[in-house]
$ cat final.cif   # mmCIF, C-alpha atoms
data_run
#
loop_
_atom_site.label_atom_id
_atom_site.label_comp_id
_atom_site.auth_asym_id
_atom_site.auth_seq_id
_atom_site.Cartn_x
_atom_site.Cartn_y
_atom_site.Cartn_z
CA GLY A 1 199.83 -170.09 50.65
CA ALA A 2 203.19 -171.07 49.30
CA GLY A 3 203.11 -174.65 50.46
CA VAL A 4 201.00 -177.44 51.90
CA SER A 5 199.70 -176.54 55.33
CA GLN A 6 198.65 -179.01 57.98
CA SER A 7 196.97 -178.47 61.30
CA PRO A 8 197.37 -179.05 64.10
CA SER A 9 201.12 -179.60 64.12
CA ASN A 10 200.83 -181.68 67.28
CA LYS A 11 197.86 -183.48 68.78
CA VAL A 12 197.70 -185.47 71.98
CA THR A 13 194.50 -187.38 72.52
CA GLU A 14 193.16 -189.98 74.87
CA LYS A 15 192.59 -193.50 73.65
CA GLY A 16 189.06 -193.91 72.34
CA LYS A 17 188.59 -190.28 71.31
CA ASP A 18 188.07 -189.14 67.74
CA VAL A 19 190.52 -186.78 66.02
CA GLU A 20 190.45 -184.69 62.87
CA LEU A 21 193.54 -183.70 60.97
CA ARG A 22 193.43 -180.96 58.37
CA CYS A 23 195.35 -180.42 55.16
CA ASP A 24 195.37 -177.32 52.97
CA PRO A 25 197.02 -178.25 49.67
CA ILE A 26 198.79 -175.92 47.30
CA SER A 27 196.22 -173.88 45.40
CA GLY A 28 195.35 -175.47 42.08
CA HIS A 29 196.76 -178.90 42.91
CA THR A 30 194.24 -181.54 41.97
CA ALA A 31 195.96 -184.50 43.61
CA LEU A 32 196.10 -184.89 47.38
CA TYR A 33 197.66 -187.71 49.38
CA TRP A 34 197.70 -188.76 53.00
CA TYR A 35 200.62 -190.81 54.33
CA ARG A 36 201.45 -192.07 57.78
CA GLN A 37 204.96 -192.22 59.16
CA SER A 38 205.56 -194.15 62.35
CA LEU A 39 208.70 -193.49 64.36
CA GLY A 40 211.73 -194.45 62.29
CA GLN A 41 209.57 -196.02 59.63
CA GLY A 42 208.76 -195.34 56.01
CA LEU A 43 205.85 -193.53 54.47
CA GLU A 44 202.69 -195.63 54.51
CA PHE A 45 200.14 -194.68 51.86
CA LEU A 46 196.67 -194.09 53.29
CA ILE A 47 194.41 -192.39 50.74
CA TYR A 48 194.59 -190.46 47.47
CA PHE A 49 192.25 -187.87 45.97
CA GLN A 50 192.38 -186.77 42.33
CA GLY A 51 190.01 -184.07 41.18
CA ASN A 52 186.40 -185.17 41.29
CA SER A 53 187.18 -188.87 40.99
CA ALA A 54 186.32 -191.31 43.74
CA PRO A 55 189.20 -191.42 46.22
CA ASP A 56 191.55 -194.38 46.39
CA LYS A 57 191.11 -195.59 49.96
CA SER A 58 193.10 -198.78 49.55
CA GLY A 59 195.68 -197.79 52.16
CA LEU A 60 193.37 -197.02 55.05
CA PRO A 61 194.29 -199.48 57.81
CA SER A 62 190.81 -199.90 59.28
CA ASP A 63 187.26 -198.57 59.10
CA ARG A 64 188.12 -196.20 61.93
CA PHE A 65 189.97 -194.11 59.37
CA SER A 66 188.16 -191.91 56.86
CA ALA A 67 188.98 -188.85 54.83
CA GLU A 68 187.14 -186.32 52.77
CA ARG A 69 188.08 -183.50 50.50
CA THR A 70 185.64 -180.64 50.23
CA GLY A 71 185.40 -178.57 47.09
CA GLY A 72 188.47 -180.21 45.66
CA SER A 73 190.70 -178.36 48.09
CA VAL A 74 190.93 -178.82 51.86
CA SER A 75 191.04 -182.37 53.16
CA THR A 76 190.25 -183.78 56.58
CA LEU A 77 191.51 -187.12 57.85
CA THR A 78 189.36 -188.48 60.68
CA ILE A 79 190.39 -191.23 63.05
CA GLN A 80 187.61 -192.57 65.23
CA ARG A 81 188.11 -194.34 68.56
CA THR A 82 191.85 -193.76 68.47
CA GLN A 83 194.23 -196.49 69.56
CA GLN A 84 197.81 -196.24 70.76
CA GLU A 85 199.05 -197.81 67.52
CA ASP A 86 197.60 -194.82 65.67
CA SER A 87 200.37 -192.68 67.13
CA ALA A 88 202.45 -191.44 64.21
CA VAL A 89 203.14 -188.43 62.04
CA TYR A 90 200.44 -187.96 59.45
CA LEU A 91 201.74 -186.31 56.30
CA CYS A 92 199.68 -184.70 53.59
CA ALA A 93 201.03 -184.00 50.11
CA SER A 94 199.63 -182.43 46.99
CA SER A 95 200.66 -182.38 43.36
CA SER A 96 199.44 -180.95 40.11
CA GLY A 97 198.37 -184.44 39.09
CA GLY A 98 199.78 -183.97 35.64
CA TRP A 99 203.03 -185.05 34.06
CA ASP A 100 204.95 -182.75 36.39
CA THR A 101 204.15 -184.86 39.38
CA GLU A 102 206.32 -183.64 42.22
CA ALA A 103 204.45 -184.14 45.45
CA PHE A 104 204.90 -181.34 47.94
CA PHE A 105 204.59 -182.40 51.54
CA GLY A 106 203.23 -180.56 54.52
CA GLN A 107 205.10 -180.53 57.82
CA GLY A 108 202.82 -183.19 59.17
CA THR A 109 200.68 -183.65 62.26
CA ARG A 110 202.29 -185.57 65.09
CA LEU A 111 199.53 -187.58 66.73
CA THR A 112 200.10 -189.11 70.14
CA VAL A 113 197.44 -191.36 71.63
CA VAL A 114 197.79 -191.80 75.38
CA GLY B 115 199.00 -202.30 44.39
CA GLU B 116 202.66 -201.56 43.96
CA ASN B 117 205.19 -202.93 46.45
CA VAL B 118 208.48 -201.06 46.73
CA GLU B 119 211.38 -202.48 48.70
CA GLN B 120 214.44 -200.46 49.64
CA HIS B 121 217.93 -201.42 50.83
CA PRO B 122 219.89 -200.84 52.93
CA SER B 123 217.91 -199.47 55.85
CA THR B 124 221.00 -197.67 57.15
CA LEU B 125 224.17 -196.62 55.37
CA SER B 126 227.24 -195.00 56.82
CA VAL B 127 229.94 -193.55 54.55
CA GLN B 128 232.97 -191.36 54.94
CA GLU B 129 232.75 -187.84 53.58
CA GLY B 130 233.83 -187.83 49.95
CA ASP B 131 232.87 -191.45 49.33
CA SER B 132 229.93 -192.55 47.20
CA ALA B 133 226.63 -193.89 48.48
CA VAL B 134 224.26 -196.20 46.65
CA ILE B 135 220.68 -196.98 47.65
CA LYS B 136 218.72 -199.65 45.81
CA CYS B 137 215.01 -200.24 45.33
CA THR B 138 212.90 -202.86 43.64
CA TYR B 139 209.29 -202.66 42.56
CA SER B 140 206.65 -205.22 41.76
CA ASP B 141 204.24 -203.64 39.27
CA SER B 142 205.58 -203.68 35.73
CA ALA B 143 203.07 -200.94 34.87
CA SER B 144 204.82 -198.45 37.14
CA ASN B 145 206.39 -195.68 35.14
CA TYR B 146 207.44 -193.00 37.59
CA PHE B 147 210.16 -193.31 40.24
CA PRO B 148 210.89 -190.31 42.47
CA TRP B 149 213.40 -190.05 45.28
CA TYR B 150 212.70 -187.97 48.37
CA LYS B 151 215.08 -186.73 51.04
CA GLN B 152 213.86 -186.17 54.57
CA GLU B 153 216.13 -184.31 56.94
CA LEU B 154 215.60 -184.79 60.64
CA GLY B 155 212.35 -183.21 61.74
CA LYS B 156 211.53 -181.90 58.27
CA ARG B 157 209.16 -182.82 55.51
CA PRO B 158 210.21 -185.09 52.62
CA GLN B 159 211.37 -183.20 49.55
CA LEU B 160 211.88 -184.40 46.02
CA ILE B 161 215.52 -184.55 44.98
CA ILE B 162 215.35 -186.36 41.66
CA ASP B 163 212.99 -188.53 39.66
CA ILE B 164 213.09 -190.79 36.64
CA ARG B 165 210.47 -192.01 34.22
CA SER B 166 210.32 -195.41 32.62
CA ASN B 167 211.33 -194.15 29.19
CA VAL B 168 214.72 -193.13 30.58
CA GLY B 169 217.46 -195.41 31.89
CA GLU B 170 219.56 -192.89 33.72
CA LYS B 171 219.32 -189.33 34.93
CA LYS B 172 221.94 -187.17 36.58
CA ASP B 173 221.81 -183.91 38.52
CA GLN B 174 225.17 -182.72 39.81
CA ARG B 175 226.25 -185.21 42.50
CA ILE B 176 223.18 -187.39 42.36
CA ALA B 177 222.11 -189.84 39.71
CA VAL B 178 219.39 -192.42 39.33
CA THR B 179 219.40 -195.53 37.18
CA LEU B 180 216.43 -197.64 36.18
CA ASN B 181 216.37 -201.22 34.95
CA LYS B 182 212.84 -201.93 33.76
CA THR B 183 213.52 -205.54 32.94
CA ALA B 184 214.76 -206.32 36.43
CA LYS B 185 212.35 -203.84 38.02
CA HIS B 186 214.93 -202.11 40.09
CA PHE B 187 216.27 -198.59 40.37
CA SER B 188 219.07 -196.99 42.31
CA LEU B 189 220.18 -193.66 43.71
CA HIS B 190 223.85 -192.78 43.52
CA ILE B 191 225.37 -189.92 45.48
CA THR B 192 228.99 -189.08 44.72
CA GLU B 193 231.42 -186.99 46.77
CA THR B 194 229.13 -187.21 49.78
CA GLN B 195 229.02 -184.31 52.21
CA PRO B 196 227.78 -184.13 55.82
CA GLU B 197 224.69 -182.24 54.65
CA ASP B 198 223.70 -185.31 52.63
CA SER B 199 222.93 -187.03 55.93
CA ALA B 200 219.19 -187.71 55.95
CA VAL B 201 216.64 -190.40 55.29
CA TYR B 202 216.12 -191.14 51.61
CA PHE B 203 212.93 -192.66 50.27
CA CYS B 204 212.43 -194.20 46.86
CA ALA B 205 208.97 -194.49 45.40
CA GLY B 206 207.33 -196.16 42.44
CA GLY B 207 204.03 -195.91 40.68
CA ASP B 208 202.48 -193.76 38.05
CA PHE B 209 202.03 -190.05 37.80
CA ASN B 210 198.78 -190.30 39.76
CA LYS B 211 199.94 -192.31 42.71
CA PHE B 212 203.15 -193.77 44.02
CA TYR B 213 204.19 -195.98 46.92
CA PHE B 214 207.24 -195.35 49.06
CA GLY B 215 209.99 -197.68 50.14
CA SER B 216 210.84 -198.02 53.83
CA GLY B 217 213.66 -195.50 53.69
CA THR B 218 217.44 -195.48 54.04
CA LYS B 219 219.10 -193.52 56.79
CA LEU B 220 222.34 -192.15 55.34
CA ASN B 221 225.02 -190.96 57.71
CA VAL B 222 227.98 -189.14 56.18
CA LYS B 223 230.88 -189.03 58.62
CA PRO B 224 233.13 -185.97 58.39
#

$ encode --input "final.cif" --output "structure tokens"
Amino acid sequence: GAGVSQSPSNKVTEKGKDVELRCDPISGHTALYWYRQSLGQGLEFLIYFQGNSAPDKSGLPSDRFSAERTGGSVSTLTIQRTQQEDSAVYLCASSSGGWDTEAFFGQGTRLTVV
Amino acid sequence: GENVEQHPSTLSVQEGDSAVIKCTYSDSASNYFPWYKQELGKRPQLIIDIRSNVGEKKDQRIAVTLNKTAKHFSLHITETQPEDSAVYFCAGGDFNKFYFGSGTKLNVKP
């Protein structure tokens, strides 16, 4: 595809349930990022993948959050036992990882925990 | 990790005036500073970036300046137009990973 694709675009879940958010990066991009944007807030770094290197998970807010990237392409962000404070827009971005480092963002997944 | 702070959180200017948004960073090793614009309901998009070997960069009505010694960088928008209204995010880090500021909501009044 031409850009970063995320699914679903909207997700409403009950407190305590697990959710999976998907990101399809731009083909060939080795770097992939997950950010969280709460209402009216900035972009909070969650996790970063670069090629085959171990991911940088330093931004994950708790052990309920995990992410994987299969085959160096598609990534899934999983939130277990969701809480109301997890409600936010989750944005995925990818970049070539080289000197030309523009990060291209997906449209995001709006997660609402009720 | 890097800590990027951004000011002001909101900025209102009259059409045609200039707007300046300022950011500071904490990690002296940071060498890449992009600026993203996020229009309402849309994804963030890169508008300009600067690397640590450059002090200033300009692209039409927007310019960025970087002071490595003071660890701060700024976005300047001249001759603002209503379509400049958006949230602007600065970021700092290296070409592998960067951290965003909290954003500035710019409102350009016609």

$ interface_residues --input "final.cif" --of "chain B" --to "chain A" --cutoff "12 Å" --atoms "all atoms listed in the file" --output "PyMOL selection string"
chain B and resi 115-120+123-124+145-165+200-219

$ write_last_selection --input "final.cif" --atoms "C-alpha atoms" --output "short mmCIF file (atom, residue, chain, number, x, y, z; two decimals), in the coordinates of the input"
data_model
loop_
_atom_site.label_atom_id
_atom_site.label_comp_id
_atom_site.auth_asym_id
_atom_site.auth_seq_id
_atom_site.Cartn_x
_atom_site.Cartn_y
_atom_site.Cartn_z
CA GLY B 115 199.00 -202.30 44.39
CA GLU B 116 202.66 -201.56 43.96
CA ASN B 117 205.19 -202.93 46.45
CA VAL B 118 208.48 -201.06 46.73
CA GLU B 119 211.38 -202.48 48.70
CA GLN B 120 214.44 -200.46 49.64
CA SER B 123 217.91 -199.47 55.85
CA THR B 124 221.00 -197.67 57.15
CA ASN B 145 206.39 -195.68 35.14
CA TYR B 146 207.44 -193.00 37.59
CA PHE B 147 210.16 -193.31 40.24
CA PRO B 148 210.89 -190.31 42.47
CA TRP B 149 213.40 -190.05 45.28
CA TYR B 150 212.70 -187.97 48.37
CA LYS B 151 215.08 -186.73 51.04
CA GLN B 152 213.86 -186.17 54.57
CA GLU B 153 216.13 -184.31 56.94
CA LEU B 154 215.60 -184.79 60.64
CA GLY B 155 212.35 -183.21 61.74
CA LYS B 156 211.53 -181.90 58.27
CA ARG B 157 209.16 -182.82 55.51
CA PRO B 158 210.21 -185.09 52.62
CA GLN B 159 211.37 -183.20 49.55
CA LEU B 160 211.88 -184.40 46.02
CA ILE B 161 215.52 -184.55 44.98
CA ILE B 162 215.35 -186.36 41.66
CA ASP B 163 212.99 -188.53 39.66
CA ILE B 164 213.09 -190.79 36.64
CA ARG B 165 210.47 -192.01 34.22
CA ALA B 200 219.19 -187.71 55.95
CA VAL B 201 216.64 -190.40 55.29
CA TYR B 202 216.12 -191.14 51.61
CA PHE B 203 212.93 -192.66 50.27
CA CYS B 204 212.43 -194.20 46.86
CA ALA B 205 208.97 -194.49 45.40
CA GLY B 206 207.33 -196.16 42.44
CA GLY B 207 204.03 -195.91 40.68
CA ASP B 208 202.48 -193.76 38.05
CA PHE B 209 202.03 -190.05 37.80
CA ASN B 210 198.78 -190.30 39.76
CA LYS B 211 199.94 -192.31 42.71
CA PHE B 212 203.15 -193.77 44.02
CA TYR B 213 204.19 -195.98 46.92
CA PHE B 214 207.24 -195.35 49.06
CA GLY B 215 209.99 -197.68 50.14
CA SER B 216 210.84 -198.02 53.83
CA GLY B 217 213.66 -195.50 53.69
CA THR B 218 217.44 -195.48 54.04
CA LYS B 219 219.10 -193.52 56.79
#

$ resolve_selection --input "final.cif" --expression "the PyMOL selection byres ((chain A and resi 69) around 12)" --output "ChimeraX atom specification"
/A:21-25,30-34,47-55,66-68,70-78

$ atom_distance --input "final.cif" --atom1 "atom CA of Val178 of chain B" --atom2 "atom CA of Ile26 of chain A"
27.6 Å

$ residues_around --input "final.cif" --residues "Lys172 of chain B" --least-positions-apart "3" --cutoff "12 Å" --atoms "only C-alpha atoms" --output "list in words"
Ile161, Ile162, Asp163, Ile164, Val168, Gly169, Arg175, Ile176, Ala177, Val178, Thr179, Leu180, Ser188, Leu189, His190, Ile191 and Thr192 of chain B

$ atom_distance --input "final.cif" --atom1 "atom CA of Lys223 of chain B" --atom2 "atom CA of Gln195 of chain B"
8.2 Å

$ atom_distance --input "final.cif" --atom1 "atom CA of Val12 of chain A" --atom2 "atom CA of Thr112 of chain A"
4.7 Å

$ resolve_selection --input "final.cif" --expression "the PyMOL selection byres ((chain B and resi 196) around 9)" --output "list in words"
Gln128, Glu129, Thr194, Gln195, Glu197, Asp198, Ser199, Asn221, Val222, Lys223 and Pro224 of chain B

$ resolve_selection --input "final.cif" --expression "the PyMOL selection byres ((chain A and resi 10) around 7)" --output "list in words"
Pro8, Ser9, Lys11, Val12, Thr109, Arg110 and Leu111 of chain A

$ decode --input "final.cif" --residues "segment 12-25 of chain A" --atoms "all heavy atoms" --output "short mmCIF file (atom, residue, chain, number, x, y, z; two decimals), in the first residue's frame"
data_model
loop_
_atom_site.label_atom_id
_atom_site.label_comp_id
_atom_site.auth_asym_id
_atom_site.auth_seq_id
_atom_site.Cartn_x
_atom_site.Cartn_y
_atom_site.Cartn_z
N VAL A 12 -14.16 -0.38 20.56
CA VAL A 12 -14.76 -0.18 21.87
C VAL A 12 -14.71 -1.53 22.58
O VAL A 12 -15.14 -2.55 22.03
CB VAL A 12 -16.22 0.31 21.76
CG1 VAL A 12 -16.81 0.50 23.17
CG2 VAL A 12 -16.28 1.62 20.99
N THR A 13 -14.18 -1.54 23.78
CA THR A 13 -14.06 -2.78 24.51
C THR A 13 -14.46 -2.59 25.95
O THR A 13 -14.41 -1.47 26.49
CB THR A 13 -12.61 -3.32 24.41
OG1 THR A 13 -12.56 -4.65 24.96
CG2 THR A 13 -11.65 -2.45 25.21
N GLU A 14 -14.83 -3.68 26.57
CA GLU A 14 -15.19 -3.62 27.99
C GLU A 14 -13.93 -3.72 28.85
O GLU A 14 -12.98 -4.43 28.52
CB GLU A 14 -16.13 -4.76 28.33
CG GLU A 14 -17.51 -4.63 27.70
CD GLU A 14 -18.43 -5.77 28.09
OE1 GLU A 14 -17.93 -6.74 28.73
OE2 GLU A 14 -19.62 -5.70 27.77
N LYS A 15 -13.98 -3.02 29.94
CA LYS A 15 -12.87 -3.07 30.90
C LYS A 15 -12.56 -4.52 31.26
O LYS A 15 -13.46 -5.33 31.51
CB LYS A 15 -13.26 -2.28 32.15
CG LYS A 15 -12.24 -2.27 33.26
CD LYS A 15 -12.75 -1.47 34.45
CE LYS A 15 -11.81 -1.60 35.62
NZ LYS A 15 -12.31 -0.84 36.81
N GLY A 16 -11.26 -4.84 31.24
CA GLY A 16 -10.84 -6.19 31.59
C GLY A 16 -10.60 -7.10 30.40
O GLY A 16 -9.95 -8.15 30.55
N LYS A 17 -11.10 -6.70 29.23
CA LYS A 17 -10.89 -7.52 28.03
C LYS A 17 -9.53 -7.20 27.42
O LYS A 17 -8.95 -6.14 27.66
CB LYS A 17 -11.98 -7.23 27.00
CG LYS A 17 -13.39 -7.51 27.47
CD LYS A 17 -13.71 -8.97 27.34
CE LYS A 17 -15.14 -9.24 27.81
NZ LYS A 17 -15.87 -10.14 26.99
N ASP A 18 -9.06 -8.14 26.61
CA ASP A 18 -7.82 -7.93 25.87
C ASP A 18 -8.14 -7.39 24.48
O ASP A 18 -9.18 -7.71 23.90
CB ASP A 18 -7.06 -9.26 25.70
CG ASP A 18 -6.65 -9.87 27.03
OD1 ASP A 18 -6.80 -9.21 28.08
OD2 ASP A 18 -6.16 -11.02 27.00
N VAL A 19 -7.23 -6.55 23.95
CA VAL A 19 -7.41 -6.04 22.59
C VAL A 19 -6.11 -6.18 21.81
O VAL A 19 -5.02 -6.15 22.39
CB VAL A 19 -7.87 -4.56 22.56
CG1 VAL A 19 -9.25 -4.41 23.15
CG2 VAL A 19 -6.86 -3.66 23.25
N GLU A 20 -6.26 -6.30 20.50
CA GLU A 20 -5.10 -6.34 19.61
C GLU A 20 -5.26 -5.28 18.54
O GLU A 20 -6.31 -5.19 17.89
CB GLU A 20 -4.99 -7.71 18.93
CG GLU A 20 -4.47 -8.80 19.84
CD GLU A 20 -4.14 -10.08 19.08
OE1 GLU A 20 -4.47 -10.17 17.88
OE2 GLU A 20 -3.55 -10.99 19.68
N LEU A 21 -4.24 -4.50 18.37
CA LEU A 21 -4.24 -3.44 17.36
C LEU A 21 -3.16 -3.78 16.33
O LEU A 21 -2.05 -4.17 16.68
CB LEU A 21 -3.92 -2.08 18.02
CG LEU A 21 -4.71 -1.74 19.29
CD1 LEU A 21 -4.28 -0.38 19.82
CD2 LEU A 21 -6.19 -1.79 19.05
N ARG A 22 -3.53 -3.58 15.06
CA ARG A 22 -2.63 -4.01 13.99
C ARG A 22 -2.08 -2.84 13.22
O ARG A 22 -2.77 -1.84 13.01
CB ARG A 22 -3.39 -4.94 13.05
CG ARG A 22 -2.60 -5.44 11.84
CD ARG A 22 -3.49 -6.20 10.88
NE ARG A 22 -2.81 -6.44 9.61
CZ ARG A 22 -2.32 -7.62 9.26
NH1 ARG A 22 -2.41 -8.67 10.07
NH2 ARG A 22 -1.73 -7.77 8.08
N CYS A 23 -0.82 -3.00 12.78
CA CYS A 23 -0.17 -1.97 11.97
C CYS A 23 0.54 -2.62 10.79
O CYS A 23 1.36 -3.52 10.98
CB CYS A 23 0.84 -1.18 12.81
SG CYS A 23 1.84 -0.02 11.85
N ASP A 24 0.20 -2.14 9.59
CA ASP A 24 0.91 -2.55 8.38
C ASP A 24 1.78 -1.39 7.93
O ASP A 24 1.26 -0.39 7.44
CB ASP A 24 -0.07 -2.90 7.26
CG ASP A 24 -0.67 -4.27 7.42
OD1 ASP A 24 -0.04 -5.23 6.97
OD2 ASP A 24 -1.76 -4.36 8.01
N PRO A 25 3.09 -1.50 8.08
CA PRO A 25 3.96 -0.36 7.73
C PRO A 25 4.13 -0.25 6.22
O PRO A 25 3.69 -1.13 5.47
CB PRO A 25 5.28 -0.72 8.40
CG PRO A 25 5.29 -2.23 8.37
CD PRO A 25 3.86 -2.65 8.57
#
